[in-house]
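Accompanying notes for the structure given below.
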Amino acid sequence: MYTTHIGTSTPDSIDIYGYDLCSEVIGHAGLADLVFLGAQGRLPTGDESKMLNALMVGIAEHGFTPSSLAARLTWLGAPEATQAAVAAGLLGAGSVYLGAMELTARTLQEALKAGTGERSAEETAGAILDRFEASGEKVPGFGHPTHRPRDPRTARFFALAEEWGFLGPHSVLLQAVHAEMERRRSRLITLNGAGAFGAVMSDLGFGWRQVRTVVVAARAVGLVGHIAEEAARGTADSTAQALFRHVEHQTDYRPRR
């Protein structure tokens, strides 16, 4: 016997998460609302919907990145399979690109759970940094190759979270970690958009295991634009073709025998 709470169909109706798809969801809920519904089992409030939508929009696109280049190059080889290009662009969602949001959320959620409210945000932030410094691991959510010393997405995410009532304990803790890190290193350090995303998602009630799934959904939307641009230019004039030719012409072949 199989069970699910997600959805079922009859000849004349479709039910998802207890809602009638046609009368209660279509025309009433946006795509981000379905992400919230799938993760939390209910449709979001108006402010929850706005906050999640803002977060997903903020990370959907970032120009030429490893994921968008992978999508373009895959489309070059298989233009008949756009789904393969989107999938290729998502496969690199790991600890360096995209996955940092999940890692930040996990760090904050586990730290707050372990503290059980007995320590201040500043004390918890110090404990987090002590642990990462002892292990030699990079603290997730910090640093950026372009946005230095401040990531514009971070300020916007936190401003909207404060306006709409979602600047909660996870965001406060991440800001405390940021302040303590800058104090210890005596220099400005970028708190990146990925970190802010993980913190606000946590304050929205998403478990850290759910964060990367939302990230992947948002980035898939962004990849549509990259593939559409390649298709509009055609294979011969595509960015992927130019990149392929550039690498081919700039490579020094040095056989070992």
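Just remember, in the structure tokens the first chain shown is A, the second B, etc., residues are 1-based per chain, and ligands are 1-based in the order shown.
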
Give me, as JSON, numbers by chain, all polymer residues having an atom no more than 7 Å from Ala121 in chain A, counting only C-alpha atoms and skipping those fewer than 2 positions away in the same chain.
{"A": [119, 123, 124, 125, 173, 176]}

Would you list the contacts of Gly77 in chain A as a VMD selection string, taking every protein, DNA or RNA residue within 12 Å and counting only C-alpha atoms, but skipping same-chain residues closer than 3 positions in sequence?
-> chain A and resid 70 to 74 80 to 82 84 to 85 88 230 235 to 236 238 240 to 241 244

Using only C-alpha atoms, determine which residues lie at most 9 Å from range 33-38 of chain A, disregarding the query and same-chain residues fewer than 2 positions distant; provide the list as an mmCIF file with all heavy atoms, in the first residue's frame.
```cif
data_model
loop_
_atom_site.group_PDB
_atom_site.id
_atom_site.type_symbol
_atom_site.label_atom_id
_atom_site.label_comp_id
_atom_site.auth_asym_id
_atom_site.auth_seq_id
_atom_site.Cartn_x
_atom_site.Cartn_y
_atom_site.Cartn_z
ATOM 1 N N ILE A 6 0.517 14.470 -1.047
ATOM 2 C CA ILE A 6 0.793 15.500 -2.045
ATOM 3 C C ILE A 6 -0.365 15.701 -3.013
ATOM 4 O O ILE A 6 -0.830 16.828 -3.207
ATOM 5 C CB ILE A 6 2.094 15.180 -2.802
ATOM 6 C CG1 ILE A 6 3.268 15.248 -1.821
ATOM 7 C CG2 ILE A 6 2.293 16.147 -3.961
ATOM 8 C CD1 ILE A 6 4.600 14.871 -2.417
ATOM 9 N N TYR A 17 -2.232 18.645 -1.877
ATOM 10 C CA TYR A 17 -2.056 19.068 -0.487
ATOM 11 C C TYR A 17 -3.379 19.471 0.170
ATOM 12 O O TYR A 17 -3.427 20.363 1.017
ATOM 13 C CB TYR A 17 -1.063 20.231 -0.408
ATOM 14 C CG TYR A 17 0.292 19.908 -0.959
ATOM 15 C CD1 TYR A 17 0.654 20.320 -2.244
ATOM 16 C CD2 TYR A 17 1.221 19.191 -0.215
ATOM 17 C CE1 TYR A 17 1.894 20.023 -2.772
ATOM 18 C CE2 TYR A 17 2.473 18.892 -0.729
ATOM 19 C CZ TYR A 17 2.804 19.308 -2.012
ATOM 20 O OH TYR A 17 4.050 19.009 -2.523
ATOM 21 N N VAL A 25 -6.272 26.894 -6.294
ATOM 22 C CA VAL A 25 -4.844 27.162 -6.489
ATOM 23 C C VAL A 25 -4.586 27.920 -7.790
ATOM 24 O O VAL A 25 -3.981 28.998 -7.782
ATOM 25 C CB VAL A 25 -4.030 25.846 -6.466
ATOM 26 C CG1 VAL A 25 -2.546 26.153 -6.651
ATOM 27 C CG2 VAL A 25 -4.254 25.110 -5.148
ATOM 28 N N ALA A 29 -2.625 31.258 -6.593
ATOM 29 C CA ALA A 29 -1.281 31.062 -6.043
ATOM 30 C C ALA A 29 -0.231 31.202 -7.138
ATOM 31 O O ALA A 29 -0.451 30.796 -8.280
ATOM 32 C CB ALA A 29 -1.173 29.684 -5.388
ATOM 33 N N GLY A 30 0.914 31.785 -6.768
ATOM 34 C CA GLY A 30 2.037 31.881 -7.685
ATOM 35 C C GLY A 30 2.925 30.658 -7.565
ATOM 36 O O GLY A 30 2.723 29.798 -6.701
ATOM 37 N N LEU A 31 3.944 30.605 -8.422
ATOM 38 C CA LEU A 31 4.826 29.441 -8.411
ATOM 39 C C LEU A 31 5.586 29.319 -7.098
ATOM 40 O O LEU A 31 5.760 28.221 -6.561
ATOM 41 C CB LEU A 31 5.808 29.533 -9.587
ATOM 42 C CG LEU A 31 6.537 28.248 -9.975
ATOM 43 C CD1 LEU A 31 5.555 27.132 -10.299
ATOM 44 C CD2 LEU A 31 7.459 28.508 -11.162
ATOM 45 N N GLN A 40 5.809 23.247 3.411
ATOM 46 C CA GLN A 40 5.194 23.456 4.717
ATOM 47 C C GLN A 40 3.743 22.987 4.806
ATOM 48 O O GLN A 40 3.119 23.097 5.856
ATOM 49 C CB GLN A 40 5.310 24.932 5.109
ATOM 50 C CG GLN A 40 6.763 25.416 5.108
ATOM 51 C CD GLN A 40 6.991 26.628 5.965
ATOM 52 O OE1 GLN A 40 6.304 26.842 6.965
ATOM 53 N NE2 GLN A 40 7.969 27.437 5.597
ATOM 54 N N GLY A 41 3.204 22.486 3.684
ATOM 55 C CA GLY A 41 1.884 21.881 3.727
ATOM 56 C C GLY A 41 0.722 22.844 3.792
ATOM 57 O O GLY A 41 -0.417 22.435 4.040
ATOM 58 N N ARG A 42 0.974 24.113 3.549
ATOM 59 C CA ARG A 42 -0.089 25.114 3.534
ATOM 60 C C ARG A 42 0.316 26.236 2.597
ATOM 61 O O ARG A 42 1.505 26.434 2.320
ATOM 62 C CB ARG A 42 -0.337 25.688 4.938
ATOM 63 C CG ARG A 42 0.856 26.452 5.510
ATOM 64 C CD ARG A 42 0.531 27.106 6.840
ATOM 65 N NE ARG A 42 1.697 27.768 7.431
ATOM 66 C CZ ARG A 42 2.100 29.009 7.123
ATOM 67 N NH1 ARG A 42 1.425 29.736 6.227
ATOM 68 N NH2 ARG A 42 3.156 29.539 7.709
ATOM 69 N N LEU A 43 -0.660 26.947 2.092
ATOM 70 C CA LEU A 43 -0.360 28.113 1.277
ATOM 71 C C LEU A 43 0.161 29.242 2.172
ATOM 72 O O LEU A 43 -0.275 29.378 3.327
ATOM 73 C CB LEU A 43 -1.603 28.567 0.519
ATOM 74 C CG LEU A 43 -2.015 27.678 -0.659
ATOM 75 C CD1 LEU A 43 -3.386 28.073 -1.170
ATOM 76 C CD2 LEU A 43 -0.980 27.739 -1.780
ATOM 77 N N PRO A 44 1.079 30.049 1.680
ATOM 78 C CA PRO A 44 1.655 31.103 2.514
ATOM 79 C C PRO A 44 0.706 32.273 2.701
ATOM 80 O O PRO A 44 -0.232 32.475 1.921
ATOM 81 C CB PRO A 44 2.887 31.531 1.705
ATOM 82 C CG PRO A 44 2.492 31.271 0.280
ATOM 83 C CD PRO A 44 1.676 30.003 0.329
ATOM 84 N N GLU A 48 4.426 36.145 3.596
ATOM 85 C CA GLU A 48 5.284 34.982 3.368
ATOM 86 C C GLU A 48 5.501 34.759 1.877
ATOM 87 O O GLU A 48 6.614 34.447 1.436
ATOM 88 C CB GLU A 48 4.657 33.739 3.993
ATOM 89 C CG GLU A 48 4.728 33.704 5.506
ATOM 90 C CD GLU A 48 3.915 32.569 6.110
ATOM 91 O OE1 GLU A 48 2.948 32.113 5.459
ATOM 92 O OE2 GLU A 48 4.221 32.139 7.238
ATOM 93 N N SER A 49 4.451 34.933 1.109
ATOM 94 C CA SER A 49 4.559 34.776 -0.338
ATOM 95 C C SER A 49 5.503 35.803 -0.930
ATOM 96 O O SER A 49 6.363 35.480 -1.760
ATOM 97 C CB SER A 49 3.167 34.915 -0.975
ATOM 98 O OG SER A 49 3.251 34.863 -2.382
ATOM 99 N N LEU A 52 9.241 34.921 0.122
ATOM 100 C CA LEU A 52 9.811 33.783 -0.588
ATOM 101 C C LEU A 52 10.041 34.132 -2.053
ATOM 102 O O LEU A 52 11.072 33.778 -2.633
ATOM 103 C CB LEU A 52 8.896 32.560 -0.469
ATOM 104 C CG LEU A 52 9.390 31.301 -1.183
ATOM 105 C CD1 LEU A 52 10.778 30.891 -0.690
ATOM 106 C CD2 LEU A 52 8.402 30.155 -0.994
ATOM 107 N N ASN A 53 9.101 34.831 -2.656
ATOM 108 C CA ASN A 53 9.255 35.222 -4.055
ATOM 109 C C ASN A 53 10.469 36.123 -4.228
ATOM 110 O O ASN A 53 11.254 35.968 -5.174
ATOM 111 C CB ASN A 53 7.990 35.935 -4.542
ATOM 112 C CG ASN A 53 7.972 36.117 -6.037
ATOM 113 O OD1 ASN A 53 7.936 35.153 -6.790
ATOM 114 N ND2 ASN A 53 8.020 37.353 -6.481
ATOM 115 N N PHE A 206 11.692 27.223 6.835
ATOM 116 C CA PHE A 206 12.189 26.132 6.008
ATOM 117 C C PHE A 206 13.323 25.406 6.728
ATOM 118 O O PHE A 206 14.262 26.039 7.227
ATOM 119 C CB PHE A 206 12.706 26.665 4.669
ATOM 120 C CG PHE A 206 11.620 27.045 3.703
ATOM 121 C CD1 PHE A 206 10.959 28.265 3.837
ATOM 122 C CD2 PHE A 206 11.246 26.190 2.681
ATOM 123 C CE1 PHE A 206 9.945 28.625 2.966
ATOM 124 C CE2 PHE A 206 10.226 26.539 1.799
ATOM 125 C CZ PHE A 206 9.580 27.762 1.940
ATOM 126 N N VAL A 214 14.847 24.560 -2.972
ATOM 127 C CA VAL A 214 14.297 25.855 -3.383
ATOM 128 C C VAL A 214 15.300 26.597 -4.250
ATOM 129 O O VAL A 214 14.943 27.229 -5.256
ATOM 130 C CB VAL A 214 13.916 26.699 -2.151
ATOM 131 C CG1 VAL A 214 13.381 28.060 -2.573
ATOM 132 C CG2 VAL A 214 12.885 25.968 -1.298
ATOM 133 N N ALA A 217 15.250 25.153 -7.720
ATOM 134 C CA ALA A 217 14.059 25.570 -8.447
ATOM 135 C C ALA A 217 14.212 26.988 -8.978
ATOM 136 O O ALA A 217 13.857 27.287 -10.129
ATOM 137 C CB ALA A 217 12.832 25.475 -7.546
#
```

Please return as a JSON list (two decimals) with C-alpha atoms, in the first residue's frame: the residues of range 81-216 of chain A that backbone DSSP assigns to alpha helix (DSSP H).
```json
[["chain", "number", "residue", "atom", "x", "y", "z"],
["A", 82, "THR", "CA", 16.56, 21.74, -23.48],
["A", 83, "GLN", "CA", 15.74, 19.80, -20.33],
["A", 84, "ALA", "CA", 19.24, 18.31, -20.48],
["A", 85, "ALA", "CA", 20.75, 21.80, -20.59],
["A", 86, "VAL", "CA", 18.76, 22.88, -17.54],
["A", 87, "ALA", "CA", 19.73, 19.70, -15.71],
["A", 88, "ALA", "CA", 23.40, 20.19, -16.57],
["A", 89, "GLY", "CA", 23.28, 23.69, -15.16],
["A", 90, "LEU", "CA", 21.87, 22.39, -11.87],
["A", 100, "ALA", "CA", 26.32, 27.53, 0.44],
["A", 101, "MET", "CA", 22.75, 28.59, 1.16],
["A", 102, "GLU", "CA", 21.92, 25.17, 2.54],
["A", 103, "LEU", "CA", 25.14, 25.05, 4.55],
["A", 104, "THR", "CA", 24.45, 28.47, 6.05],
["A", 105, "ALA", "CA", 20.93, 27.47, 7.00],
["A", 106, "ARG", "CA", 22.19, 24.26, 8.58],
["A", 107, "THR", "CA", 24.87, 26.05, 10.57],
["A", 108, "LEU", "CA", 22.41, 28.60, 11.96],
["A", 109, "GLN", "CA", 19.62, 26.13, 12.68],
["A", 110, "GLU", "CA", 21.85, 23.65, 14.45],
["A", 111, "ALA", "CA", 23.55, 26.38, 16.47],
["A", 112, "LEU", "CA", 20.25, 27.82, 17.67],
["A", 113, "LYS", "CA", 18.89, 24.38, 18.46],
["A", 114, "ALA", "CA", 21.98, 23.51, 20.48],
["A", 115, "GLY", "CA", 21.88, 26.82, 22.33],
["A", 121, "ALA", "CA", 23.44, 35.87, 19.59],
["A", 122, "GLU", "CA", 26.94, 37.23, 20.14],
["A", 123, "GLU", "CA", 27.95, 34.27, 22.30],
["A", 124, "THR", "CA", 26.51, 31.79, 19.81],
["A", 125, "ALA", "CA", 28.28, 33.59, 16.96],
["A", 126, "GLY", "CA", 31.58, 33.28, 18.79],
["A", 127, "ALA", "CA", 31.02, 29.57, 19.34],
["A", 128, "ILE", "CA", 30.26, 29.08, 15.64],
["A", 129, "LEU", "CA", 33.47, 30.84, 14.59],
["A", 130, "ASP", "CA", 35.51, 28.94, 17.18],
["A", 131, "ARG", "CA", 34.28, 25.67, 15.73],
["A", 132, "PHE", "CA", 35.05, 26.60, 12.14],
["A", 133, "GLU", "CA", 38.45, 28.00, 13.05],
["A", 134, "ALA", "CA", 39.32, 24.81, 14.90],
["A", 135, "SER", "CA", 38.30, 22.62, 11.97],
["A", 152, "PRO", "CA", 23.86, 44.25, -2.64],
["A", 153, "ARG", "CA", 21.51, 41.28, -2.37],
["A", 154, "THR", "CA", 22.26, 40.89, 1.31],
["A", 155, "ALA", "CA", 21.09, 44.36, 2.24],
["A", 156, "ARG", "CA", 17.95, 43.99, 0.15],
["A", 157, "PHE", "CA", 17.03, 40.60, 1.60],
["A", 158, "PHE", "CA", 17.44, 41.81, 5.16],
["A", 159, "ALA", "CA", 15.58, 45.07, 4.49],
["A", 160, "LEU", "CA", 12.58, 43.21, 3.09],
["A", 161, "ALA", "CA", 12.72, 40.66, 5.89],
["A", 162, "GLU", "CA", 12.57, 43.47, 8.43],
["A", 163, "GLU", "CA", 9.75, 45.23, 6.56],
["A", 164, "TRP", "CA", 7.63, 42.09, 6.29],
["A", 169, "PRO", "CA", 16.72, 34.74, 15.18],
["A", 170, "HIS", "CA", 18.58, 33.09, 12.29],
["A", 171, "SER", "CA", 19.14, 36.42, 10.52],
["A", 172, "VAL", "CA", 20.12, 38.08, 13.79],
["A", 173, "LEU", "CA", 22.60, 35.29, 14.48],
["A", 174, "LEU", "CA", 24.14, 35.51, 11.01],
["A", 175, "GLN", "CA", 24.59, 39.25, 11.41],
["A", 176, "ALA", "CA", 26.27, 38.61, 14.76],
["A", 177, "VAL", "CA", 28.61, 36.08, 13.10],
["A", 178, "HIS", "CA", 29.42, 38.69, 10.47],
["A", 179, "ALA", "CA", 30.22, 41.36, 13.07],
["A", 180, "GLU", "CA", 32.38, 38.98, 15.11],
["A", 181, "MET", "CA", 34.24, 37.75, 12.03],
["A", 182, "GLU", "CA", 35.09, 41.31, 11.01],
["A", 183, "ARG", "CA", 36.19, 42.07, 14.57],
["A", 184, "ARG", "CA", 38.49, 39.06, 14.71],
["A", 185, "ARG", "CA", 40.03, 39.68, 11.30],
["A", 193, "GLY", "CA", 23.54, 36.87, -0.75],
["A", 194, "ALA", "CA", 23.73, 33.12, -0.27],
["A", 195, "GLY", "CA", 24.24, 33.56, 3.45],
["A", 196, "ALA", "CA", 21.39, 36.04, 3.79],
["A", 197, "PHE", "CA", 19.17, 33.73, 1.74],
["A", 198, "GLY", "CA", 19.87, 30.80, 4.07],
["A", 199, "ALA", "CA", 19.17, 32.90, 7.14],
["A", 200, "VAL", "CA", 15.88, 34.40, 5.95],
["A", 201, "MET", "CA", 14.71, 31.05, 4.58],
["A", 202, "SER", "CA", 15.30, 29.64, 8.04],
["A", 203, "ASP", "CA", 13.27, 32.46, 9.58],
["A", 208, "TRP", "CA", 17.92, 23.34, 6.07],
["A", 209, "ARG", "CA", 17.35, 20.18, 4.03],
["A", 210, "GLN", "CA", 14.67, 22.01, 2.05],
["A", 211, "VAL", "CA", 16.78, 25.05, 1.23],
["A", 212, "ARG", "CA", 18.80, 23.61, -1.65],
["A", 213, "THR", "CA", 15.67, 22.31, -3.34],
["A", 214, "VAL", "CA", 14.30, 25.86, -3.38],
["A", 215, "VAL", "CA", 17.64, 27.16, -4.65],
["A", 216, "VAL", "CA", 17.62, 24.64, -7.51]]
```

Notebook entry, point to check: CA of Val221 in chain A and CA of Asp151 in chain A, how far apart in Å?
Noted result: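 Interatomic distance here is 21.7 Å.
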
>> Please return, as a ChimeraX atom specification, all residues of range 58-246 of chain A that DSSP assigns to strand (DSSP E or B) on the basis of the backbone.
In response: /A:94,98,142,191

The selected residues should be written to file as a PDB file, in the first residue's frame (atoms: N, CA and C atoms).
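Done, and the output landed in again.pdb:
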```
ATOM      1  N   GLY A  94      26.672  22.704  -5.482  1.00  0.00           N
ATOM      2  CA  GLY A  94      27.384  22.102  -4.354  1.00  0.00           C
ATOM      3  C   GLY A  94      27.858  23.134  -3.355  1.00  0.00           C
ATOM      4  N   LEU A  98      25.790  27.750  -5.059  1.00  0.00           N
ATOM      5  CA  LEU A  98      24.399  27.445  -4.699  1.00  0.00           C
ATOM      6  C   LEU A  98      24.257  26.679  -3.389  1.00  0.00           C
ATOM      7  N   PHE A 142      29.978  33.574   3.486  1.00  0.00           N
ATOM      8  CA  PHE A 142      30.872  34.729   3.504  1.00  0.00           C
ATOM      9  C   PHE A 142      31.857  34.684   2.338  1.00  0.00           C
ATOM     10  N   LEU A 191      29.364  39.532   3.641  1.00  0.00           N
ATOM     11  CA  LEU A 191      28.285  38.601   3.972  1.00  0.00           C
ATOM     12  C   LEU A 191      27.477  38.488   2.694  1.00  0.00           C
TER      13      LEU A 191
END
```
